[in-house]
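Next up, coords_19.txt (compact mmCIF, C-alpha atoms):
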```
# COMPACT_ATOMS: atom_id res chain seq x y z
CA MET B 1 16.86 -3.18 -8.70
CA LYS B 2 13.44 -2.76 -7.11
CA GLU B 3 12.63 -4.55 -3.89
CA LYS B 4 10.61 -7.76 -4.28
CA VAL B 5 8.32 -9.48 -1.84
CA ILE B 6 6.78 -12.94 -1.78
CA LEU B 7 3.09 -12.92 -0.83
CA GLU B 8 0.95 -15.94 -0.03
CA ASN B 9 -2.60 -16.13 -1.39
CA PRO B 10 -5.43 -17.45 0.80
CA ASN B 11 -5.24 -20.72 -1.18
CA GLY B 12 -1.57 -21.15 -0.17
CA GLU B 13 0.02 -20.22 -3.51
CA THR B 14 2.83 -17.66 -3.46
CA GLU B 15 3.50 -14.77 -5.82
CA GLU B 16 6.49 -12.49 -6.19
CA ARG B 17 5.59 -8.80 -6.45
CA THR B 18 7.52 -5.56 -6.86
CA VAL B 19 7.22 -3.23 -3.87
CA VAL B 20 6.09 0.27 -4.84
CA CYS B 21 6.25 1.61 -1.28
CA HIS B 22 5.63 0.67 2.31
CA PHE B 23 4.84 2.83 5.30
CA LYS B 24 3.48 2.91 8.82
CA SER B 25 1.33 5.79 10.04
CA ILE B 26 2.06 7.01 13.55
CA SER B 27 -0.67 9.62 13.53
CA ASP B 28 -3.45 9.53 16.12
CA THR B 29 -5.74 10.90 13.38
CA ARG B 30 -5.58 7.50 11.67
CA PRO B 31 -6.55 5.12 14.48
CA ASN B 32 -7.45 2.21 12.21
CA ILE B 33 -3.95 1.98 10.71
CA LYS B 34 -1.82 3.55 13.44
CA ASN B 35 1.44 1.57 13.74
CA VAL B 36 0.20 -1.00 11.20
CA PRO B 37 2.64 -1.75 8.35
CA ILE B 38 1.09 -0.98 4.95
CA LEU B 39 2.52 -2.51 1.78
CA VAL B 40 1.83 -1.26 -1.77
CA VAL B 41 2.83 -3.62 -4.58
CA ASP B 42 2.62 -3.67 -8.36
CA LYS B 43 0.00 -6.22 -9.46
CA ASN B 44 1.79 -6.67 -12.82
CA GLU B 45 -1.38 -5.67 -14.66
CA GLN B 46 -2.44 -2.54 -16.51
CA ASN B 47 -5.76 -0.73 -16.66
CA ASN B 48 -6.11 2.02 -19.27
CA GLY B 49 -2.32 2.13 -19.57
CA ASN B 50 -1.74 2.54 -15.82
CA ASN B 51 -0.14 -0.01 -13.52
CA VAL B 52 -2.59 -1.65 -11.13
CA LEU B 53 -1.52 -1.53 -7.48
CA GLU B 54 -2.51 -3.70 -4.55
CA PHE B 55 -2.60 -2.55 -0.95
CA PHE B 56 -2.02 -4.83 2.03
CA TRP B 57 -1.81 -4.38 5.77
CA GLU B 58 -0.09 -6.58 8.28
CA LYS B 59 -2.53 -8.43 10.48
CA ASP B 60 -1.67 -11.37 12.70
CA GLY B 61 1.88 -11.45 11.29
CA LEU B 62 0.74 -11.73 7.65
CA TYR B 63 0.14 -9.20 4.90
CA GLN B 64 -3.53 -9.31 3.97
CA ALA B 65 -5.82 -7.36 1.67
CA ILE B 66 -7.32 -4.31 3.37
CA ASN B 67 -10.99 -5.20 3.69
CA ASP B 68 -11.91 -2.74 6.43
CA GLU B 69 -13.57 0.38 4.96
CA ALA B 70 -12.37 2.76 7.69
CA ALA B 71 -8.78 1.53 7.38
CA TRP B 72 -8.92 1.68 3.58
CA SER B 73 -10.12 5.30 3.76
CA GLU B 74 -7.17 6.17 5.99
CA VAL B 75 -4.71 4.42 3.66
CA LYS B 76 -6.10 6.37 0.67
CA ASN B 77 -5.65 9.64 2.56
CA VAL B 78 -2.02 8.78 3.36
CA ILE B 79 -1.32 7.93 -0.31
CA ILE B 80 -2.96 11.20 -1.45
CA ASN B 81 -0.80 13.15 1.01
CA ILE B 82 2.35 11.37 -0.21
CA ILE B 83 1.50 12.26 -3.81
CA LYS B 84 0.74 15.88 -2.91
CA ALA B 85 4.02 16.19 -0.97
CA ASN B 86 6.01 14.79 -3.90
CA ILE B 87 4.33 17.18 -6.33
CA GLU B 88 5.11 20.15 -4.06
CA VAL B 89 8.75 19.07 -3.65
CA ALA B 90 9.13 18.72 -7.41
CA GLY B 91 7.69 22.21 -7.91
CA VAL B 92 4.70 21.01 -9.90
CA GLU B 93 1.30 22.51 -9.22
```

Would it be possible to restate this file's structure as structure tokens?
Amino acid sequence: MKEKVILENPNGETEERTVVCHFKSISDTRPNIKNVPILVVDKNEQNNGNNVLEFFWEKDGLYQAINDEAAWSEVKNVIINIIKANIEVAGVE
């Protein structure tokens, strides 16, 4: 069974979501997200046949949408590196 998480919307409503992955970058090359927990969840929607994902970071003890452009750029780079590493491990080029 996949891990679930309960997230609270800004209006106070809660939603259960399936966790796709979570990570924390410890790299000095990513200063905007260094040591900040990042959560990737399935939005339970599809776009062109693909699952839509949501990305959150922990700020002030709560998971919030990533609305900082520099941080979002760093998160995208981490996700791209994770995908590339998984492709290389699987032997796919």

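You will find CA of Asn47 in chain B at 29.5 Å from CA of Arg30 in chain B.
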
Range 20-25 of chain B: which residues within 10 Å, counting all atoms listed in the file, same-chain residues fewer than 6 positions away excluded, as a short mmCIF file (atom, residue, chain, number, x, y, z; two decimals) with C-alpha atoms, in the coordinates of the input?
```cif
data_model
loop_
_atom_site.label_atom_id
_atom_site.label_comp_id
_atom_site.auth_asym_id
_atom_site.auth_seq_id
_atom_site.Cartn_x
_atom_site.Cartn_y
_atom_site.Cartn_z
CA LYS B 2 13.44 -2.76 -7.11
CA GLU B 3 12.63 -4.55 -3.89
CA LYS B 4 10.61 -7.76 -4.28
CA PRO B 31 -6.55 5.12 14.48
CA ASN B 32 -7.45 2.21 12.21
CA ILE B 33 -3.95 1.98 10.71
CA LYS B 34 -1.82 3.55 13.44
CA ASN B 35 1.44 1.57 13.74
CA VAL B 36 0.20 -1.00 11.20
CA PRO B 37 2.64 -1.75 8.35
CA ILE B 38 1.09 -0.98 4.95
CA LEU B 39 2.52 -2.51 1.78
CA VAL B 40 1.83 -1.26 -1.77
CA VAL B 41 2.83 -3.62 -4.58
CA ASP B 42 2.62 -3.67 -8.36
CA LEU B 53 -1.52 -1.53 -7.48
CA GLU B 54 -2.51 -3.70 -4.55
CA PHE B 55 -2.60 -2.55 -0.95
CA PHE B 56 -2.02 -4.83 2.03
CA TRP B 57 -1.81 -4.38 5.77
CA GLU B 74 -7.17 6.17 5.99
CA VAL B 75 -4.71 4.42 3.66
CA VAL B 78 -2.02 8.78 3.36
CA ILE B 79 -1.32 7.93 -0.31
#
```

>> Can you measure CA of Asp60 in chain B to CA of Thr14 in chain B for me? One decimal in Å is fine.
In response: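 Interatomic distance here is 17.9 Å.
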
>> Report as a ChimeraX atom specification all protein, DNA and RNA residues lying within 9 Å of Gln64 in chain B, evaluated on all atoms listed in the file, omitting residues in the same chain fewer than 3 positions from it.
In response: /B:7-10,55-59,67

>> One number please: CA of Leu62 in chain B to CA of Glu13 in chain B, in Å, one decimal.
In response: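 Atom-to-atom, CA of Leu62 in chain B to CA of Glu13 in chain B, that is 14.0 Å.
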
What's around Ile6 in chain B at 8 Å? Count only C-alpha atoms, leave out sequence neighbours fewer than 3 positions away in its own chain, and write the answer as a JSON list (two decimals) with C-alpha atoms, in the coordinates of the input.
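Saved as out.json:
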```json
[["chain", "number", "residue", "atom", "x", "y", "z"],
["B", 14, "THR", "CA", 2.83, -17.66, -3.46],
["B", 15, "GLU", "CA", 3.50, -14.77, -5.82],
["B", 16, "GLU", "CA", 6.49, -12.49, -6.19],
["B", 17, "ARG", "CA", 5.59, -8.80, -6.45]]
```

>> Between B:Ser27, B:Asp68, B:Thr18, B:Tyr63, which residue has the minimum interatomic distance to Asn44 in chain B, considering all atoms listed in the file?
In response: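 Under the stated criterion, the closest residue is B:Thr18.
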
>> Just checking: using only C-alpha atoms, which residue out of B:Lys84, B:Asp28, B:Lys43, B:Ala71 ends up closest to Val5 in chain B?
In response: B:Lys43

Where atoms are absent from range 25-39 of chain B, fill them in so it carries N, CA and C atoms, then output it as a PDB file, in the coordinates of the input.
```pdb
ATOM      1  N   SER B  25       1.803   4.514   9.517  1.00  0.00           N
ATOM      2  CA  SER B  25       1.330   5.790  10.040  1.00  0.00           C
ATOM      3  C   SER B  25       1.457   5.784  11.562  1.00  0.00           C
ATOM      4  N   ILE B  26       1.971   6.881  12.099  1.00  0.00           N
ATOM      5  CA  ILE B  26       2.060   7.010  13.550  1.00  0.00           C
ATOM      6  C   ILE B  26       1.096   8.066  14.073  1.00  0.00           C
ATOM      7  N   SER B  27       0.239   8.545  13.183  1.00  0.00           N
ATOM      8  CA  SER B  27      -0.670   9.620  13.530  1.00  0.00           C
ATOM      9  C   SER B  27      -1.890   9.122  14.304  1.00  0.00           C
ATOM     10  N   ASP B  28      -2.244   9.844  15.359  1.00  0.00           N
ATOM     11  CA  ASP B  28      -3.450   9.530  16.120  1.00  0.00           C
ATOM     12  C   ASP B  28      -4.708   9.830  15.309  1.00  0.00           C
ATOM     13  N   THR B  29      -4.578  10.582  14.224  1.00  0.00           N
ATOM     14  CA  THR B  29      -5.740  10.900  13.380  1.00  0.00           C
ATOM     15  C   THR B  29      -6.096   9.741  12.462  1.00  0.00           C
ATOM     16  N   ARG B  30      -5.307   8.699  12.477  1.00  0.00           N
ATOM     17  CA  ARG B  30      -5.580   7.500  11.670  1.00  0.00           C
ATOM     18  C   ARG B  30      -5.575   6.271  12.582  1.00  0.00           C
ATOM     19  N   PRO B  31      -6.558   6.184  13.470  1.00  0.00           N
ATOM     20  CA  PRO B  31      -6.550   5.120  14.480  1.00  0.00           C
ATOM     21  C   PRO B  31      -6.658   3.704  13.926  1.00  0.00           C
ATOM     22  N   ASN B  32      -7.260   3.547  12.761  1.00  0.00           N
ATOM     23  CA  ASN B  32      -7.450   2.210  12.210  1.00  0.00           C
ATOM     24  C   ASN B  32      -6.183   1.617  11.605  1.00  0.00           C
ATOM     25  N   ILE B  33      -5.208   2.484  11.281  1.00  0.00           N
ATOM     26  CA  ILE B  33      -3.950   1.980  10.710  1.00  0.00           C
ATOM     27  C   ILE B  33      -2.736   2.440  11.502  1.00  0.00           C
ATOM     28  N   LYS B  34      -2.958   3.066  12.657  1.00  0.00           N
ATOM     29  CA  LYS B  34      -1.820   3.550  13.440  1.00  0.00           C
ATOM     30  C   LYS B  34      -0.900   2.384  13.804  1.00  0.00           C
ATOM     31  N   ASN B  35       0.380   2.552  13.462  1.00  0.00           N
ATOM     32  CA  ASN B  35       1.440   1.570  13.740  1.00  0.00           C
ATOM     33  C   ASN B  35       1.227   0.233  13.033  1.00  0.00           C
ATOM     34  N   VAL B  36       0.426   0.223  11.974  1.00  0.00           N
ATOM     35  CA  VAL B  36       0.200  -1.000  11.200  1.00  0.00           C
ATOM     36  C   VAL B  36       0.985  -0.884   9.890  1.00  0.00           C
ATOM     37  N   PRO B  37       1.901  -1.807   9.614  1.00  0.00           N
ATOM     38  CA  PRO B  37       2.640  -1.750   8.350  1.00  0.00           C
ATOM     39  C   PRO B  37       1.693  -1.888   7.154  1.00  0.00           C
ATOM     40  N   ILE B  38       1.857  -0.977   6.185  1.00  0.00           N
ATOM     41  CA  ILE B  38       1.090  -0.980   4.950  1.00  0.00           C
ATOM     42  C   ILE B  38       2.058  -1.243   3.805  1.00  0.00           C
ATOM     43  N   LEU B  39       1.683  -2.124   2.900  1.00  0.00           N
ATOM     44  CA  LEU B  39       2.520  -2.510   1.780  1.00  0.00           C
ATOM     45  C   LEU B  39       1.764  -2.236   0.482  1.00  0.00           C
TER      46      LEU B  39
END
```
